[in-house]
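Asks: Following this line is entry-v1.cif, made up of mmCIF, C-alpha atoms:
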data_upload
loop_
_atom_site.label_atom_id
_atom_site.label_comp_id
_atom_site.auth_asym_id
_atom_site.auth_seq_id
_atom_site.Cartn_x
_atom_site.Cartn_y
_atom_site.Cartn_z
CA MET A 21 -19.61 -56.52 24.72
CA ASN A 22 -22.31 -54.50 22.98
CA SER A 23 -23.39 -56.33 19.80
CA ASP A 24 -25.09 -53.28 18.27
CA TYR A 25 -21.82 -51.98 16.83
CA ASN A 26 -19.12 -53.56 14.70
CA SER A 27 -15.78 -54.62 16.06
CA VAL A 28 -13.90 -51.63 14.59
CA ILE A 29 -16.05 -49.12 16.47
CA MET A 30 -15.85 -51.19 19.64
CA GLY A 31 -12.07 -51.31 19.26
CA VAL A 32 -11.94 -47.51 18.99
CA TRP A 33 -14.10 -47.26 22.11
CA LEU A 34 -11.80 -49.59 24.02
CA VAL A 35 -8.64 -47.69 23.03
CA LEU A 36 -10.13 -44.26 23.85
CA GLY A 37 -11.58 -45.41 27.16
CA ALA A 38 -8.41 -47.23 28.23
CA GLN A 39 -6.04 -44.36 27.43
CA LEU A 40 -8.23 -41.81 29.23
CA LEU A 41 -8.52 -44.10 32.25
CA ILE A 42 -4.75 -44.70 32.39
CA LEU A 43 -4.10 -40.96 32.09
CA SER A 44 -6.55 -40.14 34.87
CA ILE A 45 -5.02 -42.74 37.21
CA ALA A 46 -1.53 -41.39 36.46
CA LYS A 47 -2.67 -37.86 37.30
CA PHE A 48 -4.30 -39.02 40.53
CA CYS A 49 -1.17 -40.89 41.61
CA PHE A 50 1.64 -38.66 40.37
CA GLY A 51 0.09 -35.31 39.46
CA THR A 52 -0.14 -32.14 41.49
CA ARG A 53 -3.24 -30.68 43.10
CA LYS A 54 -3.80 -28.61 39.96
CA GLN A 55 -4.11 -31.84 37.97
CA LEU A 56 -7.06 -33.22 39.95
CA PRO A 57 -9.92 -31.55 38.00
CA LEU A 58 -8.40 -32.76 34.72
CA ALA A 59 -7.94 -36.25 36.20
CA PHE A 60 -11.63 -36.41 37.15
CA LEU A 61 -12.58 -35.10 33.71
CA CYS A 62 -10.59 -37.84 31.98
CA MET A 63 -12.07 -40.50 34.24
CA VAL A 64 -15.67 -39.42 33.62
CA MET A 65 -15.07 -39.42 29.85
CA SER A 66 -13.33 -42.80 29.96
CA MET A 67 -16.32 -44.43 31.62
CA TRP A 68 -18.54 -43.45 28.68
CA PHE A 69 -16.53 -45.87 26.53
CA LEU A 70 -15.62 -48.61 28.99
CA ARG A 71 -19.06 -49.19 30.50
CA LYS A 72 -20.28 -50.38 27.07
CA PHE A 73 -18.00 -53.42 27.39
CA PHE A 74 -18.93 -54.52 30.91
CA ARG A 75 -22.61 -53.57 31.21
CA GLY A 76 -23.68 -56.98 32.48
CA THR A 77 -20.99 -56.87 35.18
CA TRP A 78 -20.96 -53.33 36.57
CA GLU A 79 -24.73 -53.04 36.80
CA GLU A 80 -24.79 -55.88 39.35
CA TYR A 81 -22.49 -54.12 41.83
CA TYR A 82 -23.41 -50.88 43.54
CA LEU A 83 -19.88 -49.46 43.72
CA LEU A 84 -19.10 -50.28 40.08
CA ASN A 85 -22.47 -48.78 39.15
CA ILE A 86 -21.44 -45.50 40.76
CA ILE A 87 -18.02 -45.52 39.06
CA MET A 88 -19.00 -46.72 35.59
CA GLY A 89 -22.64 -45.64 35.36
CA GLY A 90 -23.87 -42.68 33.36
CA ARG A 91 -25.50 -39.34 34.23
CA LYS A 92 -22.16 -37.79 35.26
CA GLU A 93 -22.40 -34.99 32.71
CA VAL A 94 -23.41 -32.59 35.50
CA PHE A 95 -19.80 -32.68 36.75
CA LEU A 96 -18.12 -31.75 33.45
CA GLY A 97 -18.84 -28.00 33.39
CA PRO A 98 -17.67 -27.36 36.98
CA LEU A 99 -14.56 -29.51 36.47
CA VAL A 100 -13.54 -27.51 33.39
CA LEU A 101 -14.04 -24.21 35.23
CA ILE A 102 -12.05 -25.39 38.26
CA HIS A 103 -9.26 -26.53 35.94
CA LEU A 104 -9.16 -23.12 34.25
CA ARG A 105 -9.13 -21.26 37.56
CA MET A 106 -6.27 -23.40 38.86
CA LEU A 107 -4.10 -22.44 35.89
CA THR A 108 -3.32 -19.05 37.42
CA GLN A 109 -4.79 -18.96 40.94
CA ARG A 110 -4.94 -20.84 44.18
CA VAL A 111 -8.42 -22.26 44.65
CA GLY A 112 -9.85 -22.77 48.12
CA HIS A 113 -12.06 -25.66 49.20
CA GLN A 114 -15.05 -23.36 49.68
CA TRP A 115 -14.90 -22.13 46.09
CA VAL A 116 -14.68 -25.70 44.79
CA LEU A 117 -17.55 -26.84 47.00
CA LYS A 118 -19.70 -23.94 45.81
CA HIS A 119 -19.47 -25.22 42.25
CA MET A 120 -19.55 -28.96 43.01
CA ALA A 121 -22.39 -28.96 45.56
CA VAL A 122 -25.28 -28.85 43.06
CA PRO A 123 -23.83 -31.54 40.73
CA ILE A 124 -23.20 -33.81 43.73
CA ILE A 125 -26.77 -33.34 45.01
CA VAL A 126 -28.25 -33.93 41.55
CA TYR A 127 -26.15 -37.05 40.95
CA LEU A 128 -26.85 -38.49 44.42
CA THR A 129 -30.58 -37.93 43.84
CA TYR A 130 -30.32 -39.90 40.62
CA LEU A 131 -28.39 -42.73 42.34
CA ILE A 132 -30.85 -42.98 45.22
CA ILE A 133 -33.90 -43.07 42.97
CA SER A 134 -32.44 -45.36 40.31
CA THR A 135 -30.96 -47.92 42.72
CA GLY A 136 -33.15 -47.70 45.82
CA PHE A 137 -36.50 -47.24 44.09
CA TRP A 138 -36.05 -49.10 40.83
CA GLU A 139 -39.73 -49.72 40.05
CA TYR A 140 -40.60 -46.11 40.70
CA TYR A 141 -37.63 -45.01 38.59
CA GLU A 142 -38.83 -47.19 35.71
CA SER A 143 -42.30 -45.65 35.91
CA ILE A 144 -41.01 -42.05 35.73
CA TYR A 145 -38.01 -42.67 33.48
CA GLU A 146 -39.11 -40.46 30.58
CA GLU A 147 -40.05 -37.51 32.82
CA PHE A 148 -36.92 -37.95 34.93
CA PHE A 149 -34.65 -38.11 31.89
CA GLN A 150 -36.10 -34.93 30.42
CA SER A 151 -35.71 -33.10 33.75
CA TYR A 152 -32.16 -34.36 34.14
CA LEU A 153 -31.36 -33.32 30.58
CA ALA A 154 -32.72 -29.83 31.26
CA ILE A 155 -30.41 -29.56 34.28
CA ILE A 156 -27.42 -30.67 32.18
CA ILE A 157 -28.17 -28.17 29.41
CA THR A 158 -28.56 -25.36 31.94
CA SER A 159 -25.31 -26.39 33.64
CA PHE A 160 -23.35 -26.42 30.38
CA TRP A 161 -24.57 -22.99 29.32
CA TYR A 162 -23.88 -21.56 32.78
CA TYR A 163 -20.33 -22.92 32.93
CA PHE A 164 -19.66 -21.97 29.33
CA TYR A 165 -20.52 -18.38 30.33
CA LEU A 166 -18.34 -18.56 33.47
CA GLY A 167 -15.50 -20.08 31.48
CA MET A 168 -15.58 -17.30 28.89
CA LEU A 169 -15.54 -14.75 31.71
CA GLU A 170 -12.51 -16.52 33.16
CA PHE A 171 -10.72 -16.23 29.85
CA ARG A 172 -11.56 -12.53 29.40
CA ARG A 173 -10.96 -11.36 32.95
CA GLU A 174 -8.09 -13.54 34.13
CA LEU A 175 -6.42 -15.84 31.61
CA ARG A 176 -6.06 -13.28 28.81
CA HIS A 177 -3.88 -11.10 31.03
CA LYS A 178 -2.06 -13.81 32.96
CA LEU A 179 -1.16 -16.47 30.38
CA ILE A 180 1.41 -16.17 27.64
CA PRO A 181 -0.33 -15.96 24.20
CA LYS A 182 0.57 -19.50 23.13
CA ALA A 183 -0.80 -21.01 26.34
CA TYR A 184 -3.90 -18.82 26.25
CA THR A 185 -4.74 -19.91 22.68
CA ARG A 186 -4.18 -23.57 23.51
CA HIS A 187 -6.53 -23.56 26.50
CA LEU A 188 -9.16 -21.50 24.67
CA ILE A 189 -9.25 -23.92 21.71
CA PHE A 190 -9.73 -26.89 24.02
CA PHE A 191 -12.42 -25.07 26.01
CA ARG A 192 -14.43 -24.15 22.92
CA ALA A 193 -14.06 -27.59 21.36
CA PHE A 194 -15.25 -29.22 24.56
CA PHE A 195 -18.32 -27.03 24.98
CA VAL A 196 -19.37 -26.99 21.31
CA TYR A 197 -20.11 -30.68 21.60
CA TYR A 198 -21.77 -30.61 24.98
CA LEU A 199 -23.85 -27.50 24.26
CA SER A 200 -25.31 -28.91 21.06
CA MET A 201 -25.72 -32.62 21.79
CA PRO A 202 -28.19 -32.22 24.71
CA VAL A 203 -30.43 -30.14 22.45
CA LEU A 204 -30.59 -32.94 19.90
CA ASN A 205 -31.17 -35.44 22.71
CA LEU A 206 -34.08 -33.33 23.90
CA VAL A 207 -35.56 -33.25 20.39
CA ARG A 208 -35.33 -37.02 20.16
CA GLN A 209 -36.89 -37.48 23.60
CA LEU A 210 -39.78 -35.10 22.95
CA THR A 211 -40.61 -36.64 19.60
CA GLY A 212 -40.01 -40.30 20.45
CA TYR A 213 -37.32 -42.75 19.36
CA GLU A 214 -39.57 -45.26 17.59
CA ASN A 215 -41.79 -42.99 15.53
CA PHE A 216 -39.41 -40.14 14.81
CA GLN A 217 -36.55 -40.63 12.42
CA LEU A 218 -36.55 -37.42 10.40
CA ILE A 219 -37.17 -33.74 11.07
CA ASN A 220 -38.87 -32.67 7.83
CA THR A 221 -40.42 -29.22 7.75
CA ARG A 222 -40.92 -26.45 5.27
CA TRP A 223 -37.66 -24.84 6.38
CA PHE A 224 -35.21 -27.69 6.86
CA TYR A 225 -34.71 -31.43 6.59
CA LEU A 226 -32.56 -33.32 9.08
CA ASP A 227 -31.87 -36.99 9.59
CA VAL A 228 -31.48 -37.13 13.38
CA ASN A 229 -30.01 -40.61 13.55
CA GLY A 230 -27.69 -39.74 10.66
CA PHE A 231 -26.45 -36.75 12.64
CA TYR A 232 -25.54 -39.05 15.51
CA ASP A 233 -23.82 -41.64 13.36
CA TYR A 234 -21.88 -39.38 11.02
CA ILE A 235 -21.33 -36.11 12.92
CA TYR A 236 -21.84 -36.23 16.70
CA ASN A 237 -20.34 -39.61 17.49
CA PRO A 238 -17.19 -39.06 15.35
CA TYR A 239 -16.82 -35.61 16.88
CA PHE A 240 -17.12 -37.12 20.38
CA PHE A 241 -14.44 -39.68 19.53
CA LEU A 242 -12.19 -36.91 18.24
CA LEU A 243 -12.91 -34.77 21.32
CA SER A 244 -11.98 -37.66 23.60
CA PHE A 245 -8.69 -38.10 21.77
CA VAL A 246 -8.05 -34.34 21.99
CA LEU A 247 -8.78 -34.51 25.73
CA PHE A 248 -6.20 -37.28 26.05
CA ILE A 249 -3.55 -35.25 24.19
CA TYR A 250 -4.48 -32.10 26.12
CA GLY A 251 -4.31 -33.92 29.46
CA LEU A 252 -1.03 -35.56 28.52
CA THR A 253 0.57 -32.25 27.55
CA GLU A 254 -0.62 -30.72 30.82
CA THR A 255 1.82 -32.93 32.71
CA ARG A 256 5.05 -31.20 33.67
CA TYR A 257 7.32 -33.16 31.34
CA PHE A 258 5.26 -32.81 28.17
CA LYS A 259 4.26 -29.20 28.88
CA ASN A 260 7.92 -28.17 28.82
CA LEU A 261 8.24 -29.67 25.33
CA PHE A 262 5.45 -27.50 23.89
CA LEU A 263 5.39 -24.41 26.08
CA ALA A 264 7.70 -22.27 28.15
CA GLN A 265 8.37 -23.61 31.61
CA ASP A 266 6.34 -20.79 33.13
CA ILE A 267 3.15 -19.94 31.20
CA ILE A 268 2.19 -17.11 33.58
CA VAL A 269 2.88 -13.58 32.40
CA LYS A 270 5.20 -11.88 34.87
CA GLU A 271 4.25 -8.28 35.57
CA PRO A 272 7.21 -6.08 36.50
CA VAL A 273 7.52 -6.14 40.26
CA PRO A 274 7.89 -2.36 40.83
CA GLU A 275 4.78 -1.60 38.74
CA LYS A 276 2.79 -4.25 40.54
CA VAL A 277 3.88 -3.04 43.98
CA ASP A 278 3.09 0.57 43.11
CA LYS A 279 -0.31 -0.43 41.79
CA VAL A 280 -1.25 -2.35 44.96
CA GLU A 281 0.11 0.37 47.23
CA GLN A 282 -2.02 2.96 45.48
CA LEU A 283 -5.11 0.77 45.76
CA VAL A 284 -4.45 0.19 49.45
CA ARG A 285 -3.96 3.89 50.05
CA GLU A 286 -7.21 4.75 48.29
CA HIS A 287 -9.36 2.09 49.89
CA PHE A 288 -7.84 1.71 53.35
CA TYR A 289 -6.26 4.99 54.31
CA GLU A 290 -8.72 7.26 52.53
CA ALA A 291 -11.98 5.27 52.27
CA LYS A 292 -11.25 3.35 55.52
CA LEU A 293 -12.26 -0.05 54.21
CA PHE A 294 -10.93 -1.65 57.40
CA LEU A 295 -14.08 -0.48 59.25
CA ASP A 296 -16.01 -3.29 57.56
CA ALA A 297 -16.31 -6.06 60.16
CA GLU A 298 -16.94 -8.75 57.51
CA LEU A 299 -13.73 -8.01 55.61
CA THR A 300 -11.63 -10.97 54.45
CA LEU A 301 -8.49 -11.27 52.35
CA SER A 302 -10.40 -12.46 49.27
CA LEU A 303 -13.12 -9.86 49.65
CA THR A 304 -10.51 -7.12 50.09
CA ALA A 305 -8.67 -8.09 46.89
CA LYS A 306 -11.94 -8.16 44.98
CA THR A 307 -13.08 -4.82 46.43
CA ILE A 308 -9.92 -2.86 45.77
CA GLY A 309 -9.45 -4.37 42.30
CA CYS A 310 -6.39 -6.61 42.46
CA SER A 311 -5.80 -10.34 42.60
CA ARG A 312 -5.69 -12.21 45.89
CA LYS A 313 -2.10 -13.22 45.17
CA ASP A 314 -0.98 -9.63 44.55
CA PHE A 315 -2.52 -8.45 47.81
CA SER A 316 -1.00 -11.39 49.68
CA ASP A 317 2.41 -10.51 48.21
CA TYR A 318 1.91 -6.90 49.36
CA LEU A 319 1.34 -8.12 52.92
CA LYS A 320 4.25 -10.57 52.78
CA GLU A 321 6.65 -7.77 51.85
CA ARG A 322 5.61 -6.03 55.06
CA GLU A 323 5.77 -9.30 57.02
CA LEU A 324 2.15 -8.90 58.05
CA SER A 325 -0.82 -11.22 58.06
CA PHE A 326 -4.15 -9.82 56.87
CA THR A 327 -5.44 -9.68 60.45
CA GLU A 328 -2.34 -7.83 61.68
CA PHE A 329 -2.61 -5.35 58.81
CA VAL A 330 -6.25 -4.55 59.57
CA ASN A 331 -5.69 -4.39 63.32
CA GLN A 332 -2.86 -1.87 62.90
CA LEU A 333 -5.17 0.40 60.92
CA LYS A 334 -7.94 0.04 63.49
CA VAL A 335 -5.61 0.92 66.37
CA ALA A 336 -4.29 3.92 64.45
CA GLU A 337 -7.89 5.02 63.80
CA PHE A 338 -8.72 4.66 67.50
CA LYS A 339 -5.74 6.79 68.48
CA GLN A 340 -6.92 9.52 66.10
CA LEU A 341 -10.51 9.38 67.32
CA ILE A 342 -9.75 9.33 71.05
CA VAL A 343 -8.07 12.76 70.99
CA LYS A 344 -10.93 14.49 69.16
CA GLU A 345 -13.03 16.75 71.35
CA GLU A 346 -16.36 15.40 70.10
CA ASN A 347 -15.38 11.91 71.29
CA GLN A 348 -14.51 12.90 74.87
CA VAL A 349 -18.09 12.14 75.96
CA TYR A 350 -17.80 8.52 74.86
CA ASP A 351 -16.17 5.66 76.70
CA MET A 352 -13.28 3.82 75.11
CA VAL A 353 -15.38 0.86 73.93
CA SER A 354 -17.66 3.18 71.96
CA VAL A 355 -14.67 4.90 70.37
CA ALA A 356 -13.15 1.49 69.60
CA GLU A 357 -16.37 0.49 67.82
CA LYS A 358 -16.06 3.60 65.67
CA ALA A 359 -12.54 2.43 64.80
CA GLY A 360 -13.84 -0.92 63.56
CA PHE A 361 -13.52 -3.16 66.63
CA ARG A 362 -16.58 -5.29 67.42
CA SER A 363 -15.41 -6.85 70.67
CA LYS A 364 -14.11 -5.21 73.83
CA ALA A 365 -11.88 -8.17 74.61
CA THR A 366 -10.38 -8.16 71.11
CA PHE A 367 -9.82 -4.41 71.26
CA ASN A 368 -8.00 -4.59 74.63
CA ARG A 369 -5.87 -7.53 73.52
CA VAL A 370 -4.89 -6.06 70.14
CA PHE A 371 -4.19 -2.58 71.52
CA LYS A 372 -1.91 -3.87 74.27
CA GLN A 373 -0.15 -6.19 71.83
CA LEU A 374 0.61 -3.35 69.41
CA GLU A 375 1.13 -0.43 71.80
CA GLY A 376 2.59 -2.20 74.83
CA ILE A 377 0.06 -0.65 77.25
CA THR A 378 -3.65 -1.02 77.89
CA PRO A 379 -6.15 1.37 76.27
CA ARG A 380 -6.99 2.74 79.72
CA ASP A 381 -3.36 3.57 80.47
CA TYR A 382 -3.01 5.13 77.03
CA ARG A 383 -5.97 7.43 77.58
CA LYS A 384 -4.68 8.30 81.05
CA SER A 385 -1.31 9.29 79.54
CA LEU A 386 -3.11 11.63 77.16
CA LEU A 387 -4.92 13.34 80.02
CA GLU A 388 -1.68 13.81 81.91
CA VAL A 389 -0.14 15.57 78.93
#
Before anything else, please render the file you have as structure tokens.
Replies:
Amino acid sequence: MNSDYNSVIMGVWLVLGAQLLILSIAKFCFGTRKQLPLAFLCMVMSMWFLRKFFRGTWEEYYLLNIIMGGRKEVFLGPLVLIHLRMLTQRVGHQWVLKHMAVPIIVYLTYLIISTGFWEYYESIYEEFFQSYLAIIITSFWYYFYLGMLEFRRELRHKLIPKAYTRHLIFFRAFFVYYLSMPVLNLVRQLTGYENFQLINTRWFYLDVNGFYDYIYNPYFFLLSFVLFIYGLTETRYFKNLFLAQDIIVKEPVPEKVDKVEQLVREHFYEAKLFLDAELTLSLTAKTIGCSRKDFSDYLKERELSFTEFVNQLKVAEFKQLIVKEENQVYDMVSVAEKAGFRSKATFNRVFKQLEGITPRDYRKSLLEV
């Protein structure tokens, strides 16, 4: 146990760390996929408290060092954003990896240097810490910005007011601490721990260590308790006690269908968006201005997959182009390319599947008429 603090503070640490750890394990074992980011968040926060009790033990074992060691702040911003996105949307593995790749690389770099090259790590500790801190500060500001965008663009319109306010309060409380504390850490690092106790200038006077003892540390303890309550009330049972069973705002189905149909008509039938060879379901929803779920629901009502929907439009475009006089000089593959097909084999297969005859036979039937 760390002898630098009295038993009351250490007892608070133990309680906070234990309850966050238990909550994270419960979410991992019994929670849904949406609960995973919050489970990781609780586990990372719990280690900040618990590693102070077992420093002599966990530092001797590589696996425990990875689990209980520090420098995991780089994961907090992405985890919060992923949690917010999962409140109202399905999140794919690629989107998660895009936001977790950099934190994983940064953290693995730290592990490799600190464990595999200990003497070198000791010699560059001050420079490494300042660089790592700069990365953390940048990460927090970046994900604070992305999180606020998520609230303005998605959550404000999709969550009921009570749920929206609840998540926004937690988000702001979480980032207030983590946006300000690294700045003070940086000040302490740049000025030195031993020789610098006070910031005393013509404009302001600040006891840095007093700030830690009487403001930042109590706020962190309170934030950890709030995280525990927030995570607990995000479970299905407790959420139903505080919020409606469904926190998502339900848009009237006819209005939603009409809106998507109009967007599809404008972008596909008039602007011919299907000619884009790189088109995907997600890119389409983003381009035409609706959510991925709404566009997927539009396709489900027509019992079509995205590929079938696009292929139908391409075949219809081919049939319109092939009868035009200016296209009579081209072969069918060239006309098919104008209709959005990029492969002869795909064109032949899709056309026969939809029309029941080959493109060649179709063109021959036109000539006979």
Asks: Could you name the residues that touch Leu386 of chain A at 12 Å or less, counting all atoms listed in the file, but leaving out those on the same chain fewer than 2 positions away, as a list of chain:residue names?
Replies: A:Lys339, A:Gln340, A:Ile342, A:Val343, A:Lys344, A:Gln348, A:Pro379, A:Arg380, A:Asp381, A:Tyr382, A:Arg383, A:Lys384, A:Glu388, A:Val389
Asks: The selected residues should be written to file as a PDB file, in the frame of the given file (atoms: C-alpha atoms).
Replies:
ATOM      1  CA  LYS A 339      -5.740   6.790  68.480  1.00  0.00           C
ATOM      2  CA  GLN A 340      -6.920   9.520  66.100  1.00  0.00           C
ATOM      3  CA  ILE A 342      -9.750   9.330  71.050  1.00  0.00           C
ATOM      4  CA  VAL A 343      -8.070  12.760  70.990  1.00  0.00           C
ATOM      5  CA  LYS A 344     -10.930  14.490  69.160  1.00  0.00           C
ATOM      6  CA  GLN A 348     -14.510  12.900  74.870  1.00  0.00           C
ATOM      7  CA  PRO A 379      -6.150   1.370  76.270  1.00  0.00           C
ATOM      8  CA  ARG A 380      -6.990   2.740  79.720  1.00  0.00           C
ATOM      9  CA  ASP A 381      -3.360   3.570  80.470  1.00  0.00           C
ATOM     10  CA  TYR A 382      -3.010   5.130  77.030  1.00  0.00           C
ATOM     11  CA  ARG A 383      -5.970   7.430  77.580  1.00  0.00           C
ATOM     12  CA  LYS A 384      -4.680   8.300  81.050  1.00  0.00           C
ATOM     13  CA  GLU A 388      -1.680  13.810  81.910  1.00  0.00           C
ATOM     14  CA  VAL A 389      -0.140  15.570  78.930  1.00  0.00           C
TER      15      VAL A 389
END
Asks: Please compute the atom CA of Ala305 of chain A-atom CA of Leu283 of chain A distance, one decimal, in Å.
Replies: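 Between atom CA of Ala305 of chain A and atom CA of Leu283 of chain A the gap works out to 9.6 Å.
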Asks: Find the distance between atom CA of Gly360 of chain A and atom CA of Leu341 of chain A and write it in Å to one decimal.
Replies: 11.5 Å
Asks: Quick one: residues within 12 Å of Thr158 of chain A, only C-alpha atoms counted, chain neighbours fewer than 5 positions away excluded, as a PyMOL selection string?
Replies: chain A and resi 93-94+97+123+151-153+163-165+198-200+202-203
Asks: Find, counting all atoms listed in the file, the residue in A:Val330, A:Ile102, A:Ala183, A:Leu324 that gets nearest to Thr253 of chain A.
Replies: A:Ala183
Asks: Run the PyMOL selection byres ((chain A and resi 33) around 10) against the file shown and list the residues it catches, as a list in words.
Replies: Ser27, Val28, Ile29, Met30, Gly31, Val32, Leu34, Val35, Leu36, Gly37, Ala38, Ser66, Trp68, Phe69, Leu70, Arg71, Lys72, Phe73, Phe241 and Ser244 of chain A
Asks: List the residues selected by the PyMOL selection byres ((chain A and resi 40) around 9) in the file shown, writing them as a PyMOL selection string.
Replies: chain A and resi 35-39+41-45+59+62-67+244-245+247-248+251
Asks: Find the residue from A:Leu299, A:Met168, A:Ile132, A:Ile308 that sits nearest to Gln282 of chain A; use only C-alpha atoms when measuring.
Replies: A:Ile308
Asks: If I take atom CA of Leu61 of chain A and atom CA of His177 of chain A, how far is one from the other in Å, to one decimal?
Replies: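 Taking atom CA of Leu61 of chain A and atom CA of His177 of chain A, their separation equals 25.7 Å.
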Asks: Put the listed atoms of segment 158-175 of chain A in a box along x, y and z with 5 Å added on every side and give me the centre and edge lengths in Å to one decimal, as lines of an AutoDock Vina configuration file.
Replies:
center_x = -17.5
center_y = -18.9
center_z = 31.5
size_x = 32.1
size_y = 25.1
size_z = 15.2
